[in-house]
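Heads up, the thing below is written out as structure tokens.
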Amino acid sequence: MSRRTDGSLTLAGRLMAERLERTLDIRNEAAHQQAGQAFLDDLRPCLHLGGGLAPRATFSVCSKIEINPETEAVSVAFTPQGWAIFRAGLRRRGLDPVMGTS
């Protein structure tokens with residue numbers, strides 16, 4: 001997967017792309033799950049468990065992802081657990097608009 005640098009991807013799209021880059025070429029299911037878990041483990045230090053939702057051991061990150069084929073615009077609907085992961089990804093970048101650090 002090539003990484004776009006023109007700023008057209010949203011932060012949510014970038015987070016999903018980071019996860020896909022770690023798992024895209026893995027064909028073995030157990031190895032795929034391990035790579036996905038490693039991605040989440042890398043975000044764990046950035047999770048704000050005191051004021052947010054602590055993710056369960058197994059959960060869906062998104063309830064819906066849409067990509068417009070004409071514009072390549074990405075639309076993501078996070079589950080509550082996915083929202084916690086997304087905010088952890090923002091904090092890893094030094095951003096968190098909910099906490100006022102953008």
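Each chain of the structure tokens is named A, B, ... in the order shown, its residues numbered from 1; ligands are numbered from 1 in display order.
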* Asked: What lies within 7 Å of segment 34-37 of chain A using only C-alpha atoms, ignoring chain neighbours under 2 positions off, as a list in words?
  ->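 Neighbouring residues, sequence-local ones excluded: Arg19, Arg22, Thr23, Ala30, Ala31, His32, Phe39, Leu40 and Asp41 of chain A.
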* Where in segment 3-94 of chain A does DSSP assign strand (DSSP E), given as a ChimeraX atom specification? -> /A:62-67,74-78
* Shell of 9 Å around Trp83 of chain A, only C-alpha atoms, local chain residues under 4 positions omitted, as number ranges by chain -> A: 53, 61-62, 77-79, 87-88
Could you save the residues just selected, with C-alpha atoms, as a CSV table (one decimal), in the first residue's frame?
```csv
chain,number,residue,atom,x,y,z
A,53,LEU,CA,-13.5,3.8,27.4
A,61,VAL,CA,-12.8,-0.8,15.7
A,62,CYS,CA,-15.2,0.4,13.0
A,77,ALA,CA,-17.7,5.3,11.8
A,78,PHE,CA,-15.9,4.1,15.0
A,79,THR,CA,-17.3,1.9,17.6
A,87,ARG,CA,-7.9,9.1,20.3
A,88,ALA,CA,-4.8,7.1,21.3
```
* Asked: Of the residues A:Leu95, A:Ala12, A:Asp25, A:Gly89, which is the one nearest to Arg44 of chain A, using only C-alpha atoms?
  ->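 Smallest separation from Arg44 of chain A among the options: A:Gly89.
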